[in-house]
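Trainee: Here you go, query_28.txt (compact mmCIF, C-alpha atoms):
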# COMPACT_ATOMS: atom_id res chain seq x y z
CA MET J 10 0.00 0.00 0.00
CA ASN J 11 1.04 3.58 -0.64
CA ALA J 12 1.08 6.33 1.93
CA VAL J 13 -1.09 9.22 0.77
CA ILE J 14 -0.04 11.32 3.75
CA ASP J 15 3.39 11.23 5.31
CA VAL J 16 4.06 13.48 8.28
CA THR J 17 7.39 13.71 10.10
CA ASP J 18 8.10 15.62 13.32
CA LEU J 19 5.36 18.12 12.53
CA THR J 20 4.99 21.02 14.95
CA LYS J 21 2.65 24.02 14.80
CA ARG J 22 2.87 26.82 17.36
CA PHE J 23 0.53 29.79 17.63
CA SER J 24 2.46 32.29 19.77
CA LYS J 25 2.42 30.48 23.12
CA VAL J 26 0.17 27.53 22.23
CA THR J 27 1.63 24.38 20.69
CA ALA J 28 -1.32 23.02 18.70
CA VAL J 29 0.61 20.18 17.04
CA ASP J 30 3.64 18.79 18.83
CA GLU J 31 6.21 16.71 16.91
CA ALA J 32 3.63 14.49 15.24
CA SER J 33 4.78 11.71 12.93
CA PHE J 34 2.44 9.30 11.15
CA HIS J 35 1.34 8.17 7.73
CA ILE J 36 -2.01 7.32 6.20
CA GLU J 37 -2.45 4.55 3.67
CA GLU J 38 -4.20 5.02 0.37
CA ASN J 39 -7.85 3.92 0.18
CA SER J 40 -8.58 3.63 3.86
CA ILE J 41 -10.92 5.29 6.33
CA THR J 42 -9.02 6.82 9.23
CA GLY J 43 -10.55 8.30 12.36
CA LEU J 44 -8.76 11.38 13.68
CA LEU J 45 -10.02 11.38 17.24
CA GLY J 46 -9.43 13.46 20.31
CA ARG J 47 -11.01 15.93 22.66
CA ASN J 48 -11.99 19.45 21.71
CA GLY J 49 -8.88 21.57 21.40
CA ALA J 50 -6.62 18.53 21.04
CA GLY J 51 -5.31 19.75 17.67
CA LYS J 52 -7.51 17.83 15.19
CA THR J 53 -8.60 20.83 13.13
CA THR J 54 -5.11 22.38 13.10
CA MET J 55 -3.74 19.05 11.90
CA MET J 56 -6.20 19.00 9.00
CA GLN J 57 -5.48 22.62 8.13
CA LEU J 58 -1.78 21.78 7.97
CA LEU J 59 -2.44 18.71 5.80
CA THR J 60 -4.50 20.79 3.37
CA GLY J 61 -2.03 23.65 3.11
CA GLN J 62 -4.23 26.15 4.98
CA GLU J 63 -1.70 26.63 7.76
CA PHE J 64 2.07 26.74 7.61
CA ALA J 65 4.04 24.31 9.73
CA THR J 66 6.38 25.72 12.37
CA ALA J 67 8.67 22.71 11.94
CA GLY J 68 8.69 19.28 10.40
CA SER J 69 7.60 17.94 7.03
CA ILE J 70 4.26 17.11 5.40
CA ARG J 71 3.95 15.08 2.21
CA VAL J 72 0.53 14.64 0.61
CA PHE J 73 0.59 12.50 -2.56
CA GLY J 74 4.37 12.79 -2.20
CA GLU J 75 4.46 16.60 -2.32
CA THR J 76 4.00 19.58 -0.05
CA PRO J 77 0.34 20.67 -0.02
CA VAL J 78 1.08 24.38 0.42
CA GLU J 79 0.08 26.41 -2.68
CA ASN J 80 0.27 23.20 -4.70
CA SER J 81 -2.61 22.69 -7.13
CA ARG J 82 -1.43 19.17 -8.10
CA VAL J 83 -2.15 18.15 -4.51
CA LEU J 84 -5.08 20.39 -3.67
CA SER J 85 -7.10 19.47 -6.77
CA ARG J 86 -7.24 15.96 -5.33
CA VAL J 87 -8.23 17.06 -1.84
CA CYS J 88 -11.63 17.92 -0.39
CA PHE J 89 -11.80 19.42 3.11
CA ILE J 90 -15.24 19.65 4.70
CA LYS J 91 -14.95 22.05 7.60
CA GLU J 92 -17.11 22.34 10.64
CA SER J 93 -17.80 26.00 9.90
CA GLN J 94 -17.47 26.50 6.16
CA LYS J 95 -17.99 30.11 5.07
CA TYR J 96 -19.93 30.86 1.88
CA PRO J 97 -20.27 34.11 -0.04
CA GLU J 98 -23.03 36.40 1.17
CA ASP J 99 -26.28 35.82 -0.83
CA PHE J 100 -25.23 32.28 -1.77
CA LYS J 101 -28.03 29.73 -1.94
CA ALA J 102 -27.49 25.98 -1.53
CA LYS J 103 -27.92 25.46 -5.29
CA HIS J 104 -24.99 27.81 -5.96
CA VAL J 105 -22.72 25.60 -3.87
CA PHE J 106 -23.60 22.53 -5.93
CA ARG J 107 -23.30 24.46 -9.19
CA SER J 108 -19.78 25.67 -8.35
CA ALA J 109 -18.54 22.41 -6.78
CA PRO J 110 -17.58 20.80 -10.15
CA TRP J 111 -15.12 23.67 -10.77
CA PHE J 112 -13.11 22.56 -7.76
CA PHE J 113 -13.63 18.80 -7.81
CA PRO J 114 -12.78 17.04 -11.08
CA ASN J 115 -14.54 13.82 -9.95
CA TRP J 116 -17.78 15.58 -8.98
CA ASP J 117 -20.83 13.31 -9.50
CA ALA J 118 -23.85 15.59 -10.02
CA GLU J 119 -26.31 12.72 -10.15
CA PHE J 120 -25.07 11.38 -6.79
CA ALA J 121 -25.32 14.91 -5.35
CA GLU J 122 -28.97 15.09 -6.53
CA ARG J 123 -29.81 11.87 -4.73
CA LEU J 124 -28.13 13.08 -1.54
CA ILE J 125 -29.93 16.44 -1.71
CA ALA J 126 -33.24 14.57 -1.86
CA GLU J 127 -32.27 12.21 0.96
CA PHE J 128 -31.14 15.07 3.22
CA ARG J 129 -34.18 17.17 2.15
CA LEU J 130 -32.05 20.20 1.52
CA PRO J 131 -33.92 23.33 0.32
CA LEU J 132 -31.87 24.46 -2.67
CA ASN J 133 -33.41 27.90 -3.11
CA ARG J 134 -32.98 29.15 0.41
CA ARG J 135 -30.18 31.55 1.28
CA ILE J 136 -27.41 29.76 3.14
CA LYS J 137 -27.50 32.17 6.07
CA LYS J 138 -31.16 31.20 6.59
CA LEU J 139 -30.38 27.49 6.81
CA SER J 140 -30.38 25.60 10.09
CA ARG J 141 -27.17 24.18 11.57
CA GLY J 142 -28.19 20.70 10.42
CA GLN J 143 -28.91 21.89 6.87
CA LEU J 144 -25.51 23.59 6.73
CA SER J 145 -23.91 20.35 7.83
CA ALA J 146 -25.89 18.51 5.14
CA ILE J 147 -24.36 20.76 2.46
CA GLY J 148 -20.89 19.80 3.69
CA VAL J 149 -21.69 16.11 3.82
CA ILE J 150 -23.12 16.17 0.28
CA VAL J 151 -20.15 18.11 -1.14
CA GLY J 152 -17.72 15.77 0.64
CA LEU J 153 -19.36 12.63 -0.70
CA ALA J 154 -20.20 13.78 -4.25
CA SER J 155 -16.73 15.31 -4.76
CA ARG J 156 -15.26 11.79 -4.79
CA SER J 157 -11.90 13.41 -4.08
CA PRO J 158 -9.02 10.94 -3.74
CA LEU J 159 -8.38 12.45 -0.30
CA THR J 160 -11.40 13.70 1.65
CA PHE J 161 -11.37 15.24 5.12
CA PHE J 162 -14.54 15.51 7.17
CA ASP J 163 -14.06 17.70 10.25
CA GLU J 164 -17.02 17.10 12.62
CA PRO J 165 -19.30 17.01 9.58
CA TYR J 166 -22.60 16.41 11.32
CA LEU J 167 -23.23 19.17 13.85
CA GLY J 168 -26.98 19.62 14.07
CA LEU J 169 -27.74 16.50 12.03
CA ASP J 170 -30.19 14.21 13.82
CA ALA J 171 -29.49 10.53 14.42
CA VAL J 172 -31.36 9.47 11.26
CA LEU J 173 -29.36 11.76 9.00
CA ARG J 174 -26.08 10.86 10.70
CA GLN J 175 -26.85 7.22 9.99
CA ALA J 176 -27.69 8.17 6.39
CA PHE J 177 -24.28 9.84 6.16
CA TYR J 178 -22.47 6.74 7.47
CA ASP J 179 -24.43 4.44 5.16
CA ARG J 180 -23.86 6.53 2.01
CA LEU J 181 -20.20 6.99 2.96
CA LEU J 182 -19.63 3.23 3.27
CA GLU J 183 -21.57 2.41 0.10
CA ASP J 184 -19.82 5.00 -1.99
CA TYR J 185 -16.43 4.20 -0.51
CA ALA J 186 -16.92 0.54 -1.43
CA GLU J 187 -17.80 1.49 -5.02
CA HIS J 188 -15.19 4.24 -5.33
CA PRO J 189 -12.32 3.52 -2.93
CA ARG J 190 -10.53 6.63 -1.75
CA THR J 191 -8.76 7.96 1.33
CA ILE J 192 -11.07 9.37 3.95
CA ILE J 193 -10.18 11.08 7.19
CA LEU J 194 -13.00 11.54 9.64
CA SER J 195 -12.54 13.77 12.64
CA THR J 196 -15.17 13.29 15.28
CA HIS J 197 -15.91 12.92 18.92
CA LEU J 198 -18.92 10.68 18.31
CA ILE J 199 -16.50 7.79 18.52
CA ASP J 200 -18.93 4.98 19.26
CA GLU J 201 -20.98 5.88 16.20
CA VAL J 202 -18.08 5.61 13.78
CA SER J 203 -15.80 3.04 15.37
CA ASP J 204 -17.00 0.19 13.13
CA LEU J 205 -16.41 2.24 9.99
CA LEU J 206 -12.78 2.91 10.74
CA GLU J 207 -9.85 0.92 9.52
CA HIS J 208 -7.25 3.02 11.23
CA VAL J 209 -7.32 5.24 14.31
CA LEU J 210 -5.18 8.26 15.16
CA VAL J 211 -5.77 9.80 18.56
CA ILE J 212 -4.38 13.26 19.16
CA ASP J 213 -4.13 14.77 22.61
CA GLU J 214 -2.56 18.12 23.44
CA GLY J 215 -1.07 18.16 19.95
CA ARG J 216 0.63 14.81 20.28
CA ILE J 217 -0.30 11.56 18.50
CA ILE J 218 -0.94 9.19 21.39
CA ILE J 219 -2.53 6.30 19.48
CA ASP J 220 -1.68 5.28 15.90
CA SER J 221 -3.12 1.85 15.35
CA SER J 222 -5.39 -0.30 13.21
CA ALA J 223 -8.92 -0.32 14.56
CA ASP J 224 -8.82 -4.12 14.83
CA ASP J 225 -5.75 -4.03 17.05
CA LEU J 226 -7.42 -1.52 19.36
CA ARG J 227 -10.43 -3.75 19.92
CA GLY J 228 -9.78 -5.85 22.98
CA SER J 229 -6.66 -3.83 23.82
CA ALA J 230 -8.16 -3.00 27.22
CA THR J 231 -10.42 -4.85 29.63
CA THR J 232 -12.20 -3.78 32.79
CA LEU J 233 -11.95 -6.25 35.65
CA ILE J 234 -14.64 -6.18 38.30
CA GLY J 235 -14.53 -8.17 41.51
CA SER J 236 -13.76 -8.01 45.18
CA ARG J 237 -10.91 -5.61 45.81
CA SER J 238 -8.43 -8.11 47.23
CA VAL J 239 -8.96 -10.63 44.42
CA VAL J 240 -8.68 -8.00 41.69
CA ASP J 241 -5.57 -6.47 43.25
CA ARG J 242 -3.92 -9.86 43.52
CA PHE J 243 -4.64 -10.55 39.85
CA ILE J 244 -3.40 -7.16 38.67
CA GLY J 245 -0.05 -7.44 40.50
CA THR J 246 2.34 -5.05 38.79
CA ARG J 247 0.29 -4.52 35.63
CA GLU J 248 -0.23 -0.99 34.38
CA VAL J 249 -3.63 0.30 35.45
CA LEU J 250 -5.45 2.58 32.98
CA HIS J 251 -8.27 3.42 35.29
CA ARG J 252 -9.57 2.46 38.67
CA GLU J 253 -12.87 2.87 40.49
CA GLY J 254 -14.11 1.38 43.69
CA LEU J 255 -17.38 0.87 45.50
CA GLY J 256 -17.15 -0.57 49.01
CA GLY J 257 -15.28 -3.85 48.77
CA LEU J 258 -15.63 -3.90 44.97
CA ALA J 259 -12.98 -2.76 42.57
CA SER J 260 -13.35 -1.96 38.88
CA VAL J 261 -9.97 -1.70 37.23
CA THR J 262 -9.11 -1.21 33.55
CA VAL J 263 -5.93 -2.85 32.31
CA GLY J 264 -4.31 -3.51 28.93
CA ARG J 265 -4.66 -6.55 26.71
CA LEU J 266 -5.02 -9.95 28.40
CA SER J 267 -3.97 -13.27 26.91
CA ASP J 268 -6.41 -16.19 26.75
CA THR J 269 -4.64 -17.83 29.70
CA GLU J 270 -4.88 -14.65 31.74
CA ARG J 271 -8.57 -14.35 30.94
CA ALA J 272 -9.12 -17.93 32.03
CA ASP J 273 -7.20 -17.25 35.27
CA ALA J 274 -9.25 -14.13 35.96
CA ALA J 275 -12.49 -16.00 35.28
CA SER J 276 -11.58 -18.84 37.59
CA ALA J 277 -10.69 -16.30 40.31
CA GLY J 278 -14.27 -15.04 39.99
CA ILE J 279 -13.37 -11.75 38.33
CA GLU J 280 -15.91 -10.38 35.88
CA MET J 281 -14.45 -9.00 32.65
CA THR J 282 -16.05 -6.41 30.41
CA PRO J 283 -14.64 -5.14 27.13
CA VAL J 284 -13.66 -1.50 26.78
CA SER J 285 -15.04 0.30 23.73
CA LEU J 286 -12.90 2.53 21.56
CA GLN J 287 -14.65 5.56 23.04
CA GLN J 288 -13.98 4.42 26.59
CA LEU J 289 -10.38 3.61 25.74
CA ILE J 290 -9.86 7.11 24.36
CA VAL J 291 -11.53 8.77 27.34
CA ARG J 292 -9.16 6.77 29.56
CA THR J 293 -5.97 7.41 27.63
CA THR J 294 -6.57 11.09 26.91
CA THR J 295 -7.53 11.96 30.49
CA ALA J 296 -4.65 9.90 31.84
CA ALA J 297 -2.32 11.98 29.68
CA GLY J 298 -3.97 15.18 30.86
CA GLU J 299 -4.06 16.53 34.37
CA GLY J 300 -5.28 13.36 35.97
CA THR J 301 -8.87 14.55 36.03
CA THR J 302 -11.40 11.76 35.88
CA HIS J 303 -14.51 11.71 33.77
CA ASP J 304 -16.41 9.08 35.63
CA ASN J 305 -19.76 10.10 34.20
CA GLU J 306 -18.66 9.78 30.59
CA TRP J 307 -17.06 6.50 31.52
CA ARG J 308 -20.22 5.05 32.96
CA HIS J 309 -22.58 6.45 30.35
CA SER J 310 -20.64 5.11 27.44
CA ALA J 311 -20.47 1.65 29.03
CA MET M 74 -20.69 -6.41 17.41
CA ASP M 75 -18.83 -7.62 20.47
CA GLU M 76 -16.37 -4.91 21.56
CA SER M 77 -13.75 -7.25 22.91
CA ARG M 78 -12.79 -9.00 19.68
CA PRO M 79 -11.74 -7.90 16.20
CA ILE M 80 -14.73 -7.38 13.89
CA PHE M 81 -13.24 -9.49 11.11
CA VAL M 82 -13.13 -12.51 13.45
CA GLN M 83 -16.80 -11.98 14.23
CA ILE M 84 -17.69 -11.72 10.54
CA ALA M 85 -15.89 -15.01 9.91
CA GLU M 86 -17.79 -16.61 12.80
CA GLN M 87 -21.12 -15.43 11.46
CA ILE M 88 -20.42 -16.97 8.08
CA GLU M 89 -19.38 -20.18 9.88
CA ASN M 90 -22.66 -20.10 11.84
CA ASP M 91 -24.63 -19.71 8.62
CA ILE M 92 -22.83 -22.69 7.13
CA LEU M 93 -23.40 -24.78 10.28
CA ALA M 94 -27.09 -23.82 10.41
CA GLY M 95 -27.52 -24.74 6.74
CA ALA M 96 -28.37 -21.16 5.72
CA LEU M 97 -25.34 -21.29 3.41
CA ASP M 98 -25.07 -24.66 1.67
CA GLU M 99 -21.85 -26.06 0.34
CA GLU M 100 -21.11 -24.86 -3.20
CA THR M 101 -23.39 -21.83 -2.81
CA GLN M 102 -22.18 -18.28 -3.25
CA VAL M 103 -21.68 -16.13 -0.15
CA PRO M 104 -22.52 -12.40 -0.18
CA SER M 105 -19.82 -10.05 -1.47
CA THR M 106 -17.49 -8.14 0.81
CA ASN M 107 -19.36 -4.92 0.05
CA GLU M 108 -22.70 -6.55 0.87
CA PHE M 109 -21.33 -7.71 4.24
CA ALA M 110 -19.92 -4.24 4.87
CA SER M 111 -23.14 -2.38 4.17
CA PHE M 112 -25.30 -4.93 6.03
CA HIS M 113 -23.17 -4.82 9.19
CA ARG M 114 -22.20 -1.14 8.70
CA ILE M 115 -18.51 -1.89 8.88
CA ASN M 116 -15.48 -0.99 6.84
CA PRO M 117 -15.30 -3.08 3.61
CA ALA M 118 -11.64 -3.87 4.28
CA THR M 119 -12.63 -5.36 7.62
CA ALA M 120 -15.35 -7.47 6.00
CA GLY M 121 -12.78 -8.60 3.43
CA LYS M 122 -10.41 -9.68 6.18
CA GLY M 123 -13.16 -11.86 7.69
CA VAL M 124 -13.86 -13.53 4.35
CA ASN M 125 -10.14 -14.04 3.70
CA LEU M 126 -9.73 -15.73 7.06
CA LEU M 127 -12.18 -18.40 5.89
CA VAL M 128 -10.46 -18.67 2.50
CA GLU M 129 -7.17 -19.37 4.30
CA GLU M 130 -8.87 -22.08 6.34
CA GLY M 131 -10.33 -23.60 3.18
CA ILE M 132 -13.92 -23.00 4.31
CA LEU M 133 -14.58 -20.64 1.38
CA TYR M 134 -12.99 -20.62 -2.04
CA LYS M 135 -12.85 -18.06 -4.79
CA LYS M 136 -14.28 -18.54 -8.27
CA ARG M 137 -12.47 -16.01 -10.39
CA GLY M 138 -14.69 -13.23 -11.65
CA ILE M 139 -17.76 -14.58 -9.85
CA GLY M 140 -17.19 -14.46 -6.10
CA MET M 141 -16.75 -16.55 -2.98
CA PHE M 142 -18.32 -19.99 -2.53
CA VAL M 143 -18.68 -22.44 0.35
CA ALA M 144 -16.15 -25.23 -0.11
CA PRO M 145 -17.33 -28.85 -0.23
CA GLY M 146 -16.81 -30.63 3.09
CA SER M 147 -16.60 -27.36 5.01
CA ARG M 148 -19.62 -28.08 7.18
CA ALA M 149 -18.06 -31.27 8.58
CA ARG M 150 -14.79 -29.44 9.19
CA LEU M 151 -16.55 -26.65 11.06
CA VAL M 152 -18.41 -29.15 13.23
CA ALA M 153 -15.08 -30.75 14.20
CA LYS M 154 -13.53 -27.34 14.96
CA ARG M 155 -16.49 -26.21 17.08
CA ARG M 156 -16.45 -29.49 19.02
CA ASP M 157 -12.84 -28.83 19.97
CA GLN M 158 -13.82 -25.39 21.26
CA PHE M 159 -16.88 -26.64 23.11
CA GLN M 160 -14.96 -27.89 26.14
CA ASN M 161 -13.22 -24.57 26.76
CA GLU M 162 -16.00 -22.19 25.82
CA TYR M 163 -19.00 -23.93 27.34
CA VAL M 164 -18.12 -26.84 29.62
CA GLN M 165 -15.40 -25.15 31.69
CA PRO M 166 -17.38 -21.96 32.46
CA LEU M 167 -20.41 -24.11 33.33
CA LEU M 168 -18.35 -26.18 35.78
CA ALA M 169 -16.81 -23.05 37.30
CA GLU M 170 -20.20 -21.43 37.89
CA ALA M 171 -21.60 -24.69 39.26
CA ALA M 172 -18.69 -25.02 41.71
CA LYS M 173 -19.27 -21.45 42.90
CA ILE M 174 -22.82 -22.30 44.00
CA GLY M 175 -22.10 -25.80 45.28
CA ILE M 176 -23.40 -27.94 42.42
CA SER M 177 -21.25 -31.03 41.93
CA PRO M 178 -20.37 -32.25 38.42
CA ARG M 179 -22.65 -35.26 38.99
CA GLN M 180 -25.61 -33.06 40.01
CA LEU M 181 -24.85 -30.91 36.96
CA ALA M 182 -24.95 -33.95 34.70
CA ASP M 183 -28.34 -34.94 36.20
CA MET M 184 -29.65 -31.41 35.63
CA ILE M 185 -28.57 -31.50 32.00
CA ILE M 186 -30.16 -34.90 31.40
CA SER M 187 -33.46 -33.92 33.03
CA ALA M 188 -33.53 -30.58 31.18
CA ASP M 189 -33.10 -32.47 27.93
CA ALA M 190 -35.73 -35.15 28.81
CA PRO M 191 -38.81 -33.28 27.48
CA ARG M 192 -37.01 -32.75 24.20
CA GLU M 193 -36.10 -36.44 24.01
CA ALA M 194 -39.74 -37.40 24.67
CA THR M 195 -41.04 -35.31 21.81
CA ALA M 196 -38.20 -36.25 19.47
How would this structure read if it were set down as structure tokens?
Mentor:
Amino acid sequence: MNAVIDVTDLTKRFSKVTAVDEASFHIEENSITGLLGRNGAGKTTMMQLLTGQEFATAGSIRVFGETPVENSRVLSRVCFIKESQKYPEDFKAKHVFRSAPWFFPNWDAEFAERLIAEFRLPLNRRIKKLSRGQLSAIGVIVGLASRSPLTFFDEPYLGLDAVLRQAFYDRLLEDYAEHPRTIILSTHLIDEVSDLLEHVLVIDEGRIIIDSSADDLRGSATTLIGSRSVVDRFIGTREVLHREGLGGLASVTVGRLSDTERADAASAGIEMTPVSLQQLIVRTTTAAGEGTTHDNEWRHSA
Amino acid sequence: MDESRPIFVQIAEQIENDILAGALDEETQVPSTNEFASFHRINPATAGKGVNLLVEEGILYKKRGIGMFVAPGSRARLVAKRRDQFQNEYVQPLLAEAAKIGISPRQLADMIISADAPREATA
């Protein structure tokens, strides 16, 4: 496989804030990658750097083997759907779809028509009169119908209800299967997208803290629940990702367990529950932060 | 999908279950990778990995230009494989739970036989 994106020691500083901190990774051609992390972690800055909209402070970026900055050979193959896309004053939705083919050589007008109908987008209304969800629908439709070899979606579904988000995931998978391309999806609705992803990059405080195939991440952590003394004996010197207690009960999250270890834990009477991608990220990003715990998120996503 | 295990392993298991249950006969075509992906709402590459796992094990085989088919003899092979797993996945946990609440293996055997009796009578 070829790397469409190759990033080495990339750093971006805005006066005193380091938004991206010595990040190195690559992204394979024709894959769906999740760029995940908390708000302010550096996801949007990373995508702006990769699409030549920001200049790097240090390090190198190669997109299709070249620098993306002011480079039409690269940028003609890239589509970046931003959370807050600005349109010219007086623009109506239909103007967006009429001008899209000028920027995206692979634009499929017929596919766009179908998506417009599915998302019930009013074409003749001024964009500034559209709801948040309808604005997001424009982005989703442009991102899908552009069929760009490299497509970024940055939180593409603000204001979209659950039905339309599911429609987005379904059309994305269908069209990706028919027309393979490289897709980078930035989101914090991790549980909703985790099955779509082939690769996961987690960014926290500007640093890449997880760079892994989605399959490898599944089962990479387990929560052990049982009486405190039994659980503690089993854990021994293992690294603990998270720990909660209730009376004599302990609930402790640890890394990957082998089949033998699972059998040992089971025979010691310890209950084991898998940790979802979302839970894993909540654990790893807060652990890397100031040690604050997000017990509510943890329980609610269980 | 079960969060603790890779999705492609679970896709392979579902195809195995369909073969065992007779929903997919030997020498019939299995759905395409893209059909699996859109049905389960998963990445097509992941679905492809699940199918390939079964190709490597000889459960499925590829007819060029047509698609994937269930290999002859695969049902019998799957039965043998699942029997090997049965002890670890079902019998051991059952014994462990029984021991926890003071049911001896002999009492457990009696419970199993009596639970199965109505089915035997109607069979």
Trainee: Mind pulling up the distance from atom CA of Arg22 of chain J to atom CA of Thr66 of chain J?
Mentor: 6.2 Å
Trainee: Quick one: which chain J residues come within 9 Å of chain M, and what is the nearest atom pair for each with the distance in Å to one decimal, counting only C-alpha atoms, rows ordered by chain and ascending number, as a Markdown table?
Mentor:
| residue | atom | partner | partner_atom | distance |
| --- | --- | --- | --- | --- |
| J:Ser40 | CA | M:Ala118 | CA | 8.1 |
| J:Ile41 | CA | M:Asn116 | CA | 7.8 |
| J:Tyr178 | CA | M:Arg114 | CA | 8.0 |
| J:Asp179 | CA | M:Arg114 | CA | 7.0 |
| J:Leu182 | CA | M:Ser111 | CA | 6.7 |
| J:Glu183 | CA | M:Ser111 | CA | 6.5 |
| J:Tyr185 | CA | M:Pro117 | CA | 8.4 |
| J:Ala186 | CA | M:Asn107 | CA | 6.2 |
| J:Glu187 | CA | M:Asn107 | CA | 8.3 |
| J:Val202 | CA | M:Ile115 | CA | 9.0 |
| J:Ser203 | CA | M:Ile115 | CA | 8.6 |
| J:Asp204 | CA | M:Ile115 | CA | 5.0 |
| J:Leu205 | CA | M:Asn116 | CA | 4.6 |
| J:Leu206 | CA | M:Asn116 | CA | 6.1 |
| J:Glu207 | CA | M:Asn116 | CA | 6.5 |
| J:Ala223 | CA | M:Pro79 | CA | 8.3 |
| J:Asp224 | CA | M:Pro79 | CA | 5.0 |
| J:Asp225 | CA | M:Pro79 | CA | 7.2 |
| J:Leu226 | CA | M:Pro79 | CA | 8.3 |
| J:Arg227 | CA | M:Ser77 | CA | 5.7 |
| J:Gly228 | CA | M:Ser77 | CA | 4.2 |
| J:Ser229 | CA | M:Ser77 | CA | 7.9 |
| J:Ala230 | CA | M:Ser77 | CA | 8.2 |
| J:Thr231 | CA | M:Ser77 | CA | 7.9 |
| J:Ala275 | CA | M:Pro166 | CA | 8.2 |
| J:Ser276 | CA | M:Ala169 | CA | 6.7 |
| J:Gly278 | CA | M:Lys173 | CA | 8.6 |
| J:Thr282 | CA | M:Ser77 | CA | 7.9 |
| J:Pro283 | CA | M:Ser77 | CA | 4.8 |
| J:Val284 | CA | M:Glu76 | CA | 6.8 |
| J:Ser285 | CA | M:Glu76 | CA | 5.8 |
| J:Leu286 | CA | M:Glu76 | CA | 8.2 |
Trainee: By how many Å are atom CA of Leu144 of chain J and atom CA of Glu63 of chain J apart?
Mentor: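 Computed distance, atom CA of Leu144 of chain J to atom CA of Glu63 of chain J, equals 24.0 Å.
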Trainee: Which residues of segment 160-276 of chain J come within 10 Å of segment 83-95 of chain J, and for each one, what is the closest pair of atoms and their distance in Å to one decimal, counting only C-alpha atoms, sorted by chain and residue number, as CSV?
Mentor:
residue,atom,partner,partner_atom,distance
J:Thr160,CA,J:Cys88,CA,4.7
J:Phe161,CA,J:Phe89,CA,4.7
J:Phe162,CA,J:Ile90,CA,4.9
J:Asp163,CA,J:Lys91,CA,5.2
J:Glu164,CA,J:Glu92,CA,5.6
J:Pro165,CA,J:Glu92,CA,5.9
J:Tyr166,CA,J:Glu92,CA,8.1
J:Leu167,CA,J:Glu92,CA,7.6
J:Thr191,CA,J:Val87,CA,9.7
J:Ile192,CA,J:Cys88,CA,9.6
J:Ile193,CA,J:Phe89,CA,9.4
J:Leu194,CA,J:Ile90,CA,9.8
J:Ser195,CA,J:Glu92,CA,9.9
Trainee: Between J:Asp200, J:Glu98, J:Asp117, J:Glu280, which residue has the minimum interatomic distance to Lys138 of chain J, considering all atoms listed in the file?
Mentor: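 Closest to Lys138 of chain J, using all atoms listed in the file: J:Glu98.
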Trainee: Skipping near chain neighbours, those fewer than 6 positions away, what residues fall within 12 Å of Glu75 of chain J using all atoms listed in the file, listed as a list in words?
Mentor: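 The contact residues come out as Ala12, Val13, Ile14, Asp15, Val16, Leu59, Thr60, Gly61, Ser69, Ser81, Arg82, Val83 and Leu84 of chain J.
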Trainee: Mind giving me the straight-line distance from atom CA of Val151 of chain J to atom CA of Asp99 of chain J in Å, one decimal?
Mentor: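 These two atoms are separated by 18.7 Å.
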Trainee: If we count all atoms listed in the file, what is near Ala102 of chain J at a cut-off of 8 Å, once residues fewer than 3 positions away on the same chain are taken out, given as a short mmCIF file (atom, residue, chain, number, x, y, z; two decimals) with C-alpha atoms, keeping the file's coordinate frame?
Mentor:
data_model
loop_
_atom_site.label_atom_id
_atom_site.label_comp_id
_atom_site.auth_asym_id
_atom_site.auth_seq_id
_atom_site.Cartn_x
_atom_site.Cartn_y
_atom_site.Cartn_z
CA VAL J 105 -22.72 25.60 -3.87
CA PHE J 106 -23.60 22.53 -5.93
CA LEU J 130 -32.05 20.20 1.52
CA PRO J 131 -33.92 23.33 0.32
CA LEU J 132 -31.87 24.46 -2.67
CA ASN J 133 -33.41 27.90 -3.11
CA ARG J 134 -32.98 29.15 0.41
CA ARG J 135 -30.18 31.55 1.28
CA ILE J 136 -27.41 29.76 3.14
CA ILE J 147 -24.36 20.76 2.46
#
Trainee: Residues within 7 Å of segment 123-139 of chain M, please, as an NGL selection string. Count only C-alpha atoms; anything in the same chain fewer than 2 positions from it doesn't count.
Mentor: :M and (81-82 or 84-85 or 119-121 or 141-144 or 147)
Trainee: Using only C-alpha atoms, find the one residue out of J:Ile279, J:Gly264, J:Val249, J:Leu45 that sits nearest to Leu233 of chain J.
Mentor: J:Ile279
Trainee: Neighbouring residues of His188 of chain J were defined as those with any atom within 10 Å, considering all atoms listed in the file; residues of the same chain fewer than 4 positions away were excluded. Please report them as a list of chain:residue names.
Mentor: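 Contacts, in chain order: J:Asn39, J:Arg156, J:Ser157, J:Pro158, J:Leu182, J:Glu183, J:Asp184.
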Trainee: Calculated over only C-alpha atoms, which of the candidates J:Ile36, J:Ile212, J:Ile244, J:Leu139 has the smallest distance to Val72 of chain J?
Mentor: J:Ile36
Trainee: Here is a test: counting all atoms listed in the file, which residue of J:Ser221, J:Ser155, J:Ser267, J:Thr20 is nearest to Thr42 of chain J?
Mentor: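 Nearest candidate to Thr42 of chain J out of J:Ser221, J:Ser155, J:Ser267, J:Thr20: J:Ser221.
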